[in-house]
$ cat my_file-v3.csv   # CSV, C-alpha atoms
chain,number,residue,atom,x,y,z
A,1016,MET,CA,-100.8,21.2,-48.2
A,1017,ALA,CA,-98.2,18.7,-49.0
A,1018,THR,CA,-98.1,15.7,-46.8
A,1019,PRO,CA,-94.6,15.7,-45.3
A,1020,PRO,CA,-92.6,12.6,-45.8
A,1021,GLY,CA,-92.8,10.6,-42.6
A,1022,GLY,CA,-96.1,12.2,-41.9
A,1023,PRO,CA,-99.3,10.4,-41.3
A,1024,SER,CA,-98.7,7.8,-44.0
A,1025,SER,CA,-95.3,6.9,-42.8
A,1026,GLY,CA,-96.4,3.5,-41.8
A,1027,ASN,CA,-97.3,2.7,-45.4
A,1028,TRP,CA,-94.4,3.9,-47.3
A,1029,SER,CA,-93.3,1.1,-49.5
A,1030,TYR,CA,-95.4,-0.1,-52.3
A,1031,GLY,CA,-95.2,-3.4,-54.1
A,1032,PRO,CA,-94.6,-6.7,-52.4
A,1033,ALA,CA,-91.0,-6.7,-53.4
A,1034,GLN,CA,-89.9,-3.8,-51.3
A,1035,GLY,CA,-87.5,-4.6,-48.5
A,1036,GLN,CA,-90.1,-3.9,-45.9
A,1037,GLY,CA,-89.2,-6.6,-43.5
A,1038,ASP,CA,-85.5,-7.1,-43.6
A,1039,GLY,CA,-84.4,-3.8,-45.0
A,1040,SER,CA,-82.0,-5.6,-47.3
A,1041,ALA,CA,-83.4,-4.4,-50.6
A,1042,ASN,CA,-84.9,-1.5,-52.2
A,1043,GLY,CA,-86.1,-0.6,-55.7
A,1044,TYR,CA,-82.6,-0.5,-57.0
A,1045,GLY,CA,-81.4,-3.8,-55.6
A,1046,TYR,CA,-78.8,-2.1,-53.4
A,1047,PRO,CA,-78.2,-3.4,-50.0
A,1048,SER,CA,-79.4,-0.9,-47.4
A,1049,VAL,CA,-76.8,-2.0,-45.0
A,1050,PRO,CA,-73.1,-1.6,-45.8
A,1051,ASP,CA,-71.6,-5.0,-46.3
A,1052,HIS,CA,-67.9,-5.0,-46.0
A,1053,ARG,CA,-67.5,-8.7,-46.3
A,1054,GLN,CA,-67.5,-8.5,-50.0
A,1055,PRO,CA,-67.1,-5.0,-51.3
A,1056,TYR,CA,-67.8,-6.0,-54.8
A,1057,ALA,CA,-68.1,-9.2,-56.7
A,1058,PRO,CA,-65.3,-9.9,-59.2
A,1059,GLN,CA,-66.6,-9.1,-62.6
A,1060,GLY,CA,-65.3,-9.4,-66.1
A,1061,PRO,CA,-62.1,-11.1,-67.1
A,1062,GLY,CA,-59.1,-11.0,-65.0
A,1063,PRO,CA,-58.7,-11.7,-61.3
A,1064,SER,CA,-60.0,-9.4,-58.6
A,1065,PRO,CA,-57.3,-7.5,-56.9
A,1066,TYR,CA,-58.2,-9.4,-53.8
A,1067,ASP,CA,-57.5,-12.7,-55.4
A,1068,GLN,CA,-54.0,-12.0,-56.5
A,1069,PRO,CA,-51.3,-14.0,-54.8
A,1070,GLN,CA,-49.2,-12.1,-52.4
A,1071,ALA,CA,-45.9,-13.8,-53.2
A,1072,PRO,CA,-44.7,-11.7,-56.2
A,1073,ARG,CA,-45.1,-8.5,-54.3
A,1074,ILE,CA,-41.8,-6.7,-54.2
A,1075,GLN,CA,-42.7,-3.7,-52.2
A,1076,PRO,CA,-44.6,-4.8,-49.1
A,1077,VAL,CA,-45.5,-1.2,-48.2
A,1078,GLN,CA,-49.2,-1.5,-47.8
A,1079,PRO,CA,-50.8,-3.7,-45.3
A,1080,GLN,CA,-53.7,-5.6,-46.7
A,1081,ARG,CA,-56.7,-3.3,-46.8
A,1082,ARG,CA,-59.9,-4.5,-45.3
A,1083,THR,CA,-62.0,-1.6,-46.3
A,1084,PRO,CA,-63.3,-1.4,-49.9
A,1085,GLU,CA,-61.4,0.4,-52.5
A,1086,PRO,CA,-63.0,3.5,-54.0
A,1087,ALA,CA,-65.6,2.5,-56.6
A,1088,PRO,CA,-63.9,1.1,-59.6
A,1089,ALA,CA,-64.5,2.3,-63.1
A,1090,GLY,CA,-67.3,-0.2,-63.7
A,1091,ALA,CA,-69.2,1.0,-60.6
A,1092,SER,CA,-72.0,2.4,-62.7
A,1093,ASN,CA,-72.9,-1.1,-63.7
A,1094,ASN,CA,-72.3,-2.6,-60.3
A,1095,PRO,CA,-75.6,-2.9,-58.4
A,1096,LEU,CA,-73.7,-3.3,-55.1
A,1097,VAL,CA,-72.8,0.4,-55.0
A,1098,ARG,CA,-75.4,2.3,-53.1
A,1099,PRO,CA,-76.7,5.4,-54.9
A,1100,TYR,CA,-75.5,7.9,-52.4
A,1101,ALA,CA,-72.1,6.4,-52.3
A,1102,MET,CA,-71.4,8.3,-55.4
A,1103,THR,CA,-72.1,11.5,-53.6
A,1104,GLY,CA,-70.0,10.8,-50.6
A,1105,GLY,CA,-73.2,10.5,-48.6
A,1106,ARG,CA,-74.6,13.9,-49.4
A,1107,THR,CA,-78.3,14.1,-50.0
A,1108,ARG,CA,-78.5,17.8,-50.8
A,1109,PRO,CA,-76.9,19.5,-53.8
A,1110,ARG,CA,-75.0,22.7,-53.5
A,1111,TYR,CA,-77.4,24.4,-55.8
A,1112,GLN,CA,-81.1,23.8,-55.9
A,1113,LEU,CA,-81.4,22.5,-59.4
A,1114,ALA,CA,-84.8,22.4,-61.1
A,1115,ILE,CA,-85.7,18.9,-62.5
A,1116,GLU,CA,-85.9,20.5,-65.9
A,1117,ALA,CA,-82.7,22.6,-65.6
A,1118,LEU,CA,-80.6,22.1,-68.7
A,1119,VAL,CA,-77.0,20.8,-68.5
A,1120,HIS,CA,-74.4,21.4,-71.1
A,1121,THR,CA,-70.9,20.1,-71.0
A,1122,THR,CA,-68.2,22.8,-71.3
A,1123,ALA,CA,-65.3,20.6,-70.2
A,1124,GLN,CA,-62.5,19.7,-72.7
A,1125,PRO,CA,-61.7,16.0,-72.9
A,1126,HIS,CA,-58.4,16.5,-71.0
A,1127,GLN,CA,-60.2,18.0,-68.1
A,1128,MET,CA,-62.2,14.8,-67.6
A,1129,GLN,CA,-59.1,12.8,-66.6
A,1130,GLY,CA,-59.2,12.0,-62.9
A,1131,GLN,CA,-62.9,12.8,-62.5
A,1132,LEU,CA,-65.2,10.3,-61.0
A,1133,PRO,CA,-66.7,7.8,-63.5
A,1134,GLU,CA,-70.2,9.1,-62.9
A,1135,HIS,CA,-69.0,12.7,-63.5
A,1136,GLN,CA,-67.4,11.5,-66.7
A,1137,ARG,CA,-70.6,9.8,-67.9
A,1138,ILE,CA,-72.6,12.9,-67.2
A,1139,CYS,CA,-70.1,15.0,-69.2
A,1140,ASN,CA,-70.2,12.6,-72.1
A,1141,LEU,CA,-74.0,12.5,-72.1
A,1142,CYS,CA,-74.4,16.3,-71.9
A,1143,ARG,CA,-72.3,17.1,-74.9
A,1144,GLU,CA,-75.8,17.5,-76.3
A,1145,ILE,CA,-77.9,19.6,-74.0
A,1146,LYS,CA,-79.9,17.5,-71.5
A,1147,SER,CA,-82.1,18.2,-68.5
A,1148,VAL,CA,-81.3,16.9,-65.0
A,1149,ALA,CA,-84.3,14.6,-65.5
A,1150,GLU,CA,-82.7,13.1,-68.6
A,1151,VAL,CA,-79.4,12.7,-66.9
A,1152,SER,CA,-81.2,10.7,-64.2
A,1153,ALA,CA,-83.2,8.6,-66.6
A,1154,LEU,CA,-80.5,7.9,-69.2
A,1155,LEU,CA,-77.8,7.1,-66.8
A,1156,THR,CA,-80.2,5.3,-64.4
A,1157,ILE,CA,-79.2,7.4,-61.5
A,1158,PRO,CA,-81.8,8.4,-58.9
A,1159,LEU,CA,-83.0,11.9,-59.4
A,1160,GLY,CA,-81.6,13.2,-56.1
A,1161,VAL,CA,-78.2,11.8,-56.9
A,1162,ALA,CA,-78.2,13.2,-60.4
A,1163,ARG,CA,-78.9,16.7,-58.9
A,1164,ILE,CA,-75.9,16.4,-56.6
A,1165,LEU,CA,-73.5,15.1,-59.2
A,1166,VAL,CA,-74.6,17.8,-61.7
A,1167,ALA,CA,-74.2,20.5,-59.1
A,1168,ASP,CA,-70.7,19.2,-58.4
A,1169,LEU,CA,-69.8,19.5,-62.1
A,1170,ALA,CA,-71.2,23.0,-62.3
A,1171,GLU,CA,-69.1,24.1,-59.3
A,1172,ALA,CA,-66.0,22.5,-60.9
A,1173,GLY,CA,-66.8,24.5,-64.1
A,1174,LEU,CA,-67.2,21.4,-66.2
A,1175,VAL,CA,-70.8,21.9,-67.2
A,1176,ALA,CA,-73.0,25.0,-67.7
A,1177,ILE,CA,-76.4,25.0,-66.1
A,1178,HIS,CA,-79.4,26.8,-67.6
A,1179,GLN,CA,-82.0,27.1,-64.9
A,1180,PRO,CA,-85.5,27.7,-66.3
A,1181,GLY,CA,-86.4,31.3,-66.5
A,1182,GLY,CA,-89.1,32.2,-64.1
A,1183,ASP,CA,-90.8,35.3,-62.7
A,1184,GLU,CA,-89.5,35.6,-59.1
A,1185,ASN,CA,-92.5,37.7,-58.2
A,1186,ALA,CA,-94.9,35.0,-59.3
A,1187,GLY,CA,-93.4,32.1,-57.4
A,1188,GLY,CA,-91.1,31.1,-60.2
A,1189,GLN,CA,-93.9,30.6,-62.7
A,1190,PRO,CA,-93.0,31.4,-66.3
A,1191,ASP,CA,-93.4,34.9,-67.4
A,1192,VAL,CA,-95.7,36.1,-70.2
A,1193,THR,CA,-93.0,36.3,-72.8
A,1194,LEU,CA,-92.0,32.7,-72.2
A,1195,LEU,CA,-95.6,31.6,-72.3
A,1196,GLU,CA,-96.1,33.3,-75.6
A,1197,ARG,CA,-93.1,31.7,-77.1
A,1198,VAL,CA,-94.2,28.3,-75.9
A,1199,LEU,CA,-97.7,28.8,-77.4
A,1200,SER,CA,-96.3,29.9,-80.7
A,1201,GLY,CA,-93.9,26.9,-80.7
A,1202,LEU,CA,-96.7,24.5,-80.0
A,1203,ARG,CA,-98.8,25.9,-82.8
A,1204,LYS,CA,-96.0,25.4,-85.2
A,1205,LEU,CA,-95.6,21.7,-84.3
B,211,MET,CA,-97.4,18.5,-65.8
B,212,VAL,CA,-99.7,15.7,-66.7
B,213,ALA,CA,-101.7,14.4,-63.8
B,214,GLY,CA,-104.5,12.1,-63.1
B,215,GLY,CA,-105.4,8.8,-61.6
B,216,PHE,CA,-103.5,5.5,-62.1
B,217,GLY,CA,-103.9,4.1,-65.6
B,218,VAL,CA,-105.7,7.1,-67.0
B,219,GLY,CA,-103.2,7.5,-69.8
B,220,LYS,CA,-100.6,10.0,-68.5
B,221,THR,CA,-97.6,8.2,-70.1
B,222,THR,CA,-99.6,7.6,-73.3
B,223,PHE,CA,-100.3,11.3,-73.5
B,224,VAL,CA,-96.7,12.2,-73.0
B,225,GLY,CA,-95.6,9.7,-75.5
B,226,ALA,CA,-98.0,10.9,-78.1
B,227,VAL,CA,-96.5,14.3,-78.4
B,228,SER,CA,-93.0,13.9,-77.1
B,229,GLU,CA,-90.1,13.8,-79.6
B,230,ILE,CA,-88.4,11.1,-77.5
B,231,ASN,CA,-89.8,7.9,-76.1
B,232,PRO,CA,-90.9,8.7,-72.6
B,233,LEU,CA,-88.1,8.3,-70.2
B,234,ARG,CA,-88.4,7.3,-66.5
B,235,THR,CA,-86.6,9.0,-63.7
B,236,GLU,CA,-86.7,7.6,-60.2
B,237,ALA,CA,-86.3,9.1,-56.8
B,238,VAL,CA,-85.3,7.1,-53.8
B,239,MET,CA,-87.2,8.0,-50.7
B,240,THR,CA,-86.9,6.9,-47.1
B,241,SER,CA,-89.7,7.1,-44.6
B,242,ALA,CA,-87.5,9.4,-42.5
B,243,SER,CA,-87.4,11.9,-45.4
B,244,ALA,CA,-84.6,12.6,-47.8
B,245,GLY,CA,-83.5,15.5,-45.5
B,246,ILE,CA,-81.7,13.2,-43.2
B,247,ASP,CA,-78.1,13.0,-44.3
B,248,ASP,CA,-76.8,10.0,-42.4
B,249,LEU,CA,-78.0,6.9,-44.2
B,250,THR,CA,-75.5,4.6,-42.6
B,251,HIS,CA,-78.0,3.2,-40.0
B,252,THR,CA,-80.8,2.6,-42.5
B,253,GLY,CA,-81.2,-1.1,-41.8
B,254,ASP,CA,-84.7,-0.7,-40.4
B,255,LYS,CA,-85.7,2.2,-42.6
B,256,THR,CA,-88.2,1.6,-45.3
B,257,THR,CA,-87.1,2.9,-48.7
B,258,THR,CA,-89.4,3.3,-51.7
B,259,THR,CA,-89.0,4.5,-55.2
B,260,VAL,CA,-91.1,7.1,-56.9
B,261,ALA,CA,-91.1,6.9,-60.7
B,262,MET,CA,-92.0,9.7,-63.1
B,263,ASP,CA,-92.3,9.4,-66.8
B,264,PHE,CA,-91.5,12.4,-68.9
B,265,GLY,CA,-91.0,13.5,-72.5
B,266,ARG,CA,-89.6,16.5,-74.3
B,267,ILE,CA,-90.6,18.8,-77.1
B,268,THR,CA,-88.0,21.1,-78.7
B,269,LEU,CA,-90.0,24.2,-79.6
B,270,ASP,CA,-87.2,26.4,-80.8
B,271,GLN,CA,-83.4,26.4,-80.9
B,272,ASP,CA,-83.3,27.6,-77.3
B,273,LEU,CA,-86.6,26.5,-76.0
B,274,ILE,CA,-87.4,23.0,-74.7
B,275,LEU,CA,-90.7,22.0,-73.2
B,276,TYR,CA,-90.7,19.0,-70.8
B,277,LEU,CA,-93.8,17.1,-70.0
B,278,PHE,CA,-93.8,15.3,-66.7
B,279,GLY,CA,-96.3,12.7,-65.7
B,280,THR,CA,-96.9,12.9,-62.0
B,281,PRO,CA,-96.3,9.9,-59.8
B,282,GLY,CA,-99.5,8.0,-59.6
B,283,GLN,CA,-99.5,7.6,-55.9
B,284,ASP,CA,-101.2,10.5,-54.2
B,285,ARG,CA,-99.0,10.4,-51.2
B,286,PHE,CA,-96.0,11.6,-53.2
B,287,TRP,CA,-97.1,15.2,-53.0
B,288,PHE,CA,-93.5,16.4,-52.4
B,289,MET,CA,-92.6,15.3,-55.9
B,290,TRP,CA,-95.5,17.4,-57.2
B,291,ASP,CA,-94.2,20.4,-55.2
B,292,ASP,CA,-90.9,19.9,-57.0
B,293,LEU,CA,-92.6,19.8,-60.4
B,294,VAL,CA,-94.9,22.7,-59.8
B,295,ARG,CA,-92.1,25.2,-59.4
B,296,GLY,CA,-91.4,26.5,-62.8
B,297,ALA,CA,-94.2,24.6,-64.4
B,298,ILE,CA,-96.5,26.3,-67.0
B,299,GLY,CA,-99.5,24.4,-65.9
B,300,ALA,CA,-101.1,21.0,-65.6
B,301,ILE,CA,-103.3,18.8,-67.7
B,302,VAL,CA,-105.5,16.6,-65.5
B,303,LEU,CA,-106.5,13.6,-67.4
B,304,VAL,CA,-109.8,12.1,-66.5
B,305,ASP,CA,-111.4,8.8,-67.2
B,306,THR,CA,-115.1,9.6,-66.7
B,307,ARG,CA,-115.8,6.0,-65.7
B,308,ARG,CA,-113.6,6.6,-62.7
B,309,LEU,CA,-114.2,10.3,-62.0
B,310,ALA,CA,-113.1,10.2,-58.4
B,311,ASP,CA,-109.6,9.3,-59.4
B,312,CYS,CA,-108.9,12.8,-60.4
B,313,PHE,CA,-110.2,14.5,-57.3
B,314,PRO,CA,-106.7,14.6,-55.5
B,315,ALA,CA,-105.1,16.2,-58.6
B,316,VAL,CA,-107.8,18.8,-59.0
B,317,ASP,CA,-107.7,19.6,-55.3
B,318,TYR,CA,-103.9,19.9,-55.5
B,319,PHE,CA,-103.8,22.3,-58.4
B,320,GLU,CA,-106.7,24.4,-57.0
B,321,ASN,CA,-104.7,24.9,-53.8
B,322,SER,CA,-101.3,25.4,-55.5
B,323,GLY,CA,-102.7,28.0,-57.9
B,324,LEU,CA,-101.1,26.3,-60.9
B,325,PRO,CA,-103.2,26.8,-64.0
B,326,PHE,CA,-104.8,23.5,-65.1
B,327,VAL,CA,-107.2,22.2,-67.6
B,328,ILE,CA,-109.3,19.0,-67.4
B,329,ALA,CA,-108.9,16.7,-70.3
B,330,LEU,CA,-111.5,13.9,-70.6
B,331,ASN,CA,-109.6,10.9,-72.1
B,332,GLY,CA,-112.0,9.0,-74.2
B,333,PHE,CA,-111.4,5.3,-73.8
B,334,ASP,CA,-112.5,3.1,-76.7
B,335,GLY,CA,-113.2,6.4,-78.5
B,336,GLN,CA,-116.2,7.0,-76.3
B,337,GLN,CA,-117.1,10.1,-74.4
B,338,PRO,CA,-120.0,9.0,-72.2
B,339,TYR,CA,-120.3,12.4,-70.5
B,340,ASN,CA,-120.0,15.8,-71.9
B,341,PRO,CA,-117.8,18.5,-70.4
B,342,ASP,CA,-120.7,20.3,-68.8
B,343,GLU,CA,-121.8,17.3,-66.9
B,344,VAL,CA,-118.3,16.7,-65.7
B,345,ARG,CA,-117.9,20.4,-64.7
B,346,GLU,CA,-121.0,20.0,-62.6
B,347,ALA,CA,-119.9,16.7,-61.1
B,348,LEU,CA,-116.4,18.0,-60.2
B,349,GLN,CA,-117.6,21.4,-59.1
B,350,ILE,CA,-115.1,23.1,-61.3
B,351,GLY,CA,-115.4,26.9,-61.8
B,352,PRO,CA,-116.3,28.3,-65.3
B,353,ASP,CA,-112.7,29.6,-65.8
B,354,THR,CA,-111.1,26.2,-66.0
B,355,PRO,CA,-111.3,24.7,-69.4
B,356,ILE,CA,-112.7,21.2,-69.8
B,357,ILE,CA,-111.8,19.5,-73.1
B,358,THR,CA,-112.1,16.1,-74.6
B,359,THR,CA,-109.0,14.3,-75.9
B,360,ASP,CA,-107.6,11.0,-77.0
B,361,ALA,CA,-104.3,10.6,-75.3
B,362,ARG,CA,-103.1,8.3,-78.0
B,363,HIS,CA,-103.2,10.9,-80.7
B,364,ARG,CA,-100.6,13.4,-81.3
B,365,ALA,CA,-103.0,16.1,-82.6
B,366,ASP,CA,-105.2,15.7,-79.6
B,367,ALA,CA,-102.3,15.9,-77.1
B,368,LYS,CA,-100.9,18.9,-78.9
B,369,SER,CA,-104.3,20.6,-78.9
B,370,ALA,CA,-104.7,20.0,-75.2
B,371,LEU,CA,-101.3,21.5,-74.6
B,372,ILE,CA,-102.2,24.6,-76.6
B,373,THR,CA,-105.4,25.0,-74.6
B,374,LEU,CA,-103.4,24.8,-71.4
B,375,VAL,CA,-100.8,27.4,-72.4
B,376,GLU,CA,-103.6,29.7,-73.6
B,377,HIS,CA,-105.3,29.3,-70.3
B,378,ALA,CA,-102.1,29.9,-68.4
B,379,LEU,CA,-101.4,33.0,-70.4
B,380,MET,CA,-104.9,34.4,-69.8
B,381,ALA,CA,-104.5,33.7,-66.1
B,382,ARG,CA,-101.2,35.7,-66.1
B,383,LEU,CA,-102.7,38.6,-67.9
B,384,ARG,CA,-105.8,38.7,-65.8
$ encode --input "my_file-v3.csv" --output "structure tokens"
Amino acid sequence: MATPPGGPSSGNWSYGPAQGQGDGSANGYGYPSVPDHRQPYAPQGPGPSPYDQPQAPRIQPVQPQRRTPEPAPAGASNNPLVRPYAMTGGRTRPRYQLAIEALVHTTAQPHQMQGQLPEHQRICNLCREIKSVAEVSALLTIPLGVARILVADLAEAGLVAIHQPGGDENAGGQPDVTLLERVLSGLRKL
Amino acid sequence: MVAGGFGVGKTTFVGAVSEINPLRTEAVMTSASAGIDDLTHTGDKTTTTVAMDFGRITLDQDLILYLFGTPGQDRFWFMWDDLVRGAIGAIVLVDTRRLADCFPAVDYFENSGLPFVIALNGFDGQQPYNPDEVREALQIGPDTPIITTDARHRADAKSALITLVEHALMARLR
């Protein structure tokens, strides 16, 4: 029943005049669609960019000057030039199929967070109080698909616990009668 | 799920009963589907963003109900498929002045088998048509509840949710 993406309507996918229909250079997030290595990221905040530092004081000339971008810096989450799936290493599928309403709860101790990706740390900080995958996406302004992948990564690393919604496998994952009764009773008490 | 045509009051409904201000999650889509892993040659690929507003209601210490407003654009069915899995049911909000706007949602839920109720959202406090007239016009079977509501009011939204869950429960017990 569902119209497959790229199906009959594929010629009409973007909406709104601002979509990067013609040049492919922009999307809803303002990320460039094409990698642009000329300027990996704009210098931001106080202090010079590492690329602007004079070379003279260097004592150990071990590394040739790198032309490729460094891994995303700590401020990457605020940097609109990092494309969303760069955070996931290009993966578009999570390791688990997480429901959009699956609940995420951080189990990691603070010392375990050291060395984690900034996005992973932000999710762990957010989910000290239980949150759904949808809330992770909305509150951290991460596209839903990316949030699913990052949360699944954290679950595999044992840093968060996931509570997938209970469903009756025989009924296509629909909630069972006990759950419906609890929801009904809860709504009536509101 | 809270479905219905554009501007029918989905986010208003969610906001009326949610314990948080409605949040917005966005999904990035490419015309060549999200199943394609290699996005490095996407220069000529059209991307688009699907937004969904949602709210939450904590019903018990270990029970949270999420309310998802469906993306307004009918062509984003795949997002609906994602939402239907694990959903209790759907409220299809209807503006009786623009009845046809709800046809796609009604068709979708009839086909998916997800329990749904029709909620006539009274704009300006008016309900120009009664539920029986709408049932006739929409060709909805007698089993599907049709109620009137005011999406701005918490009590109305809560009552609509209760009707939906009762309906879903009856459907499961039948």
$ closest_residue --input "my_file-v3.csv" --among "B:Gln336, B:Thr221, B:Val212, B:Val227" --to "His363 of chain B" --atoms "only C-alpha atoms"
B:Val227
$ residues_around --input "my_file-v3.csv" --residues "segment 346-349 of chain B" --least-positions-apart "5" --cutoff "9 Å" --atoms "all atoms listed in the file" --output "PDB file with C-alpha atoms, keeping the file's coordinate frame"
ATOM      1  CA  LEU B 309    -114.200  10.300 -62.000  1.00  0.00           C
ATOM      2  CA  ALA B 310    -113.100  10.200 -58.400  1.00  0.00           C
ATOM      3  CA  PHE B 313    -110.200  14.500 -57.300  1.00  0.00           C
ATOM      4  CA  VAL B 316    -107.800  18.800 -59.000  1.00  0.00           C
ATOM      5  CA  PRO B 341    -117.800  18.500 -70.400  1.00  0.00           C
TER       6      PRO B 341
END
$ closest_residue --input "my_file-v3.csv" --among "B:Asp334, B:Glu376, B:Asp317, B:Asp342" --to "Ile357 of chain B" --atoms "all atoms listed in the file"
B:Asp342
$ residues_near_point --input "my_file-v3.csv" --point "(-102.1, 18.2, -66.4)" --cutoff "7 Å" --atoms "all atoms listed in the file" --output "PyMOL selection string"
chain B and resi 211-213+299-303+326-327
$ atom_distance --input "my_file-v3.csv" --atom1 "atom CA of Val1198 of chain A" --atom2 "atom CA of Asp360 of chain B"
21.9 Å
$ closest_residue --input "my_file-v3.csv" --among "A:Ala1172, A:Leu1194, A:Ala1153, A:Cys1142" --to "chain B" --atoms "only C-alpha atoms"
A:Ala1153
$ atom_distance --input "my_file-v3.csv" --atom1 "atom CA of Asn321 of chain B" --atom2 "atom CA of Ala1114 of chain A"
21.3 Å
$ closest_residue --input "my_file-v3.csv" --among "A:Ala1170, A:Val1192, A:Ala1162, A:Val1175" --to "Ala1149 of chain A" --atoms "only C-alpha atoms"
A:Ala1162
$ closest_residue --input "my_file-v3.csv" --among "B:Tyr339, B:Tyr276, B:Phe216, B:Phe333" --to "chain A" --atoms "only C-alpha atoms"
B:Tyr276
$ atom_distance --input "my_file-v3.csv" --atom1 "atom CA of Ile230 of chain B" --atom2 "atom CA of Tyr1100 of chain A"
28.4 Å
$ closest_residue --input "my_file-v3.csv" --among "A:Lys1146, A:Leu1174, A:Asp1168, A:Asn1140" --to "chain B" --atoms "all atoms listed in the file"
A:Lys1146
$ residues_around --input "my_file-v3.csv" --residues "Thr268 of chain B" --least-positions-apart "6" --cutoff "9 Å" --atoms "only C-alpha atoms" --output "PyMOL selection string"
(chain A and resi 1201) or (chain B and resi 228-229+274-276)
$ residues_around --input "my_file-v3.csv" --residues "Arg308 of chain B" --least-positions-apart "3" --cutoff "10 Å" --atoms "all atoms listed in the file" --output "VMD selection string"
chain B and resid 215 218 304 to 305 311 to 312
$ build_atoms --input "my_file-v3.csv" --residues "segment 268-280 of chain B" --atoms "N, CA and C atoms" --output "mmCIF file, keeping the file's coordinate frame"
data_model
loop_
_atom_site.group_PDB
_atom_site.id
_atom_site.type_symbol
_atom_site.label_atom_id
_atom_site.label_comp_id
_atom_site.auth_asym_id
_atom_site.auth_seq_id
_atom_site.Cartn_x
_atom_site.Cartn_y
_atom_site.Cartn_z
ATOM 1 N N THR B 268 -88.853 19.956 -78.380
ATOM 2 C CA THR B 268 -88.000 21.100 -78.700
ATOM 3 C C THR B 268 -88.857 22.084 -79.510
ATOM 4 N N LEU B 269 -89.112 23.253 -78.949
ATOM 5 C CA LEU B 269 -90.000 24.200 -79.600
ATOM 6 C C LEU B 269 -89.218 25.215 -80.428
ATOM 7 N N ASP B 270 -87.980 25.417 -80.060
ATOM 8 C CA ASP B 270 -87.200 26.400 -80.800
ATOM 9 C C ASP B 270 -85.721 26.047 -80.452
ATOM 10 N N GLN B 271 -84.806 26.741 -81.096
ATOM 11 C CA GLN B 271 -83.400 26.400 -80.900
ATOM 12 C C GLN B 271 -83.030 26.509 -79.391
ATOM 13 N N ASP B 272 -83.627 27.437 -78.693
ATOM 14 C CA ASP B 272 -83.300 27.600 -77.300
ATOM 15 C C ASP B 272 -84.480 27.459 -76.383
ATOM 16 N N LEU B 273 -85.425 26.628 -76.790
ATOM 17 C CA LEU B 273 -86.600 26.500 -76.000
ATOM 18 C C LEU B 273 -87.078 25.011 -76.013
ATOM 19 N N ILE B 274 -87.024 24.369 -74.848
ATOM 20 C CA ILE B 274 -87.400 23.000 -74.700
ATOM 21 C C ILE B 274 -88.544 22.866 -73.713
ATOM 22 N N LEU B 275 -89.609 22.205 -74.108
ATOM 23 C CA LEU B 275 -90.700 22.000 -73.200
ATOM 24 C C LEU B 275 -90.640 20.541 -72.686
ATOM 25 N N TYR B 276 -90.673 20.380 -71.382
ATOM 26 C CA TYR B 276 -90.700 19.000 -70.800
ATOM 27 C C TYR B 276 -92.075 18.740 -70.258
ATOM 28 N N LEU B 277 -92.500 17.517 -70.495
ATOM 29 C CA LEU B 277 -93.800 17.100 -70.000
ATOM 30 C C LEU B 277 -93.567 15.995 -68.949
ATOM 31 N N PHE B 278 -93.983 16.279 -67.748
ATOM 32 C CA PHE B 278 -93.800 15.300 -66.700
ATOM 33 C C PHE B 278 -95.118 14.709 -66.254
ATOM 34 N N GLY B 279 -95.175 13.406 -66.297
ATOM 35 C CA GLY B 279 -96.300 12.700 -65.700
ATOM 36 C C GLY B 279 -96.102 12.606 -64.217
ATOM 37 N N THR B 280 -97.103 12.962 -63.455
ATOM 38 C CA THR B 280 -96.900 12.900 -62.000
ATOM 39 C C THR B 280 -96.935 11.515 -61.503
#
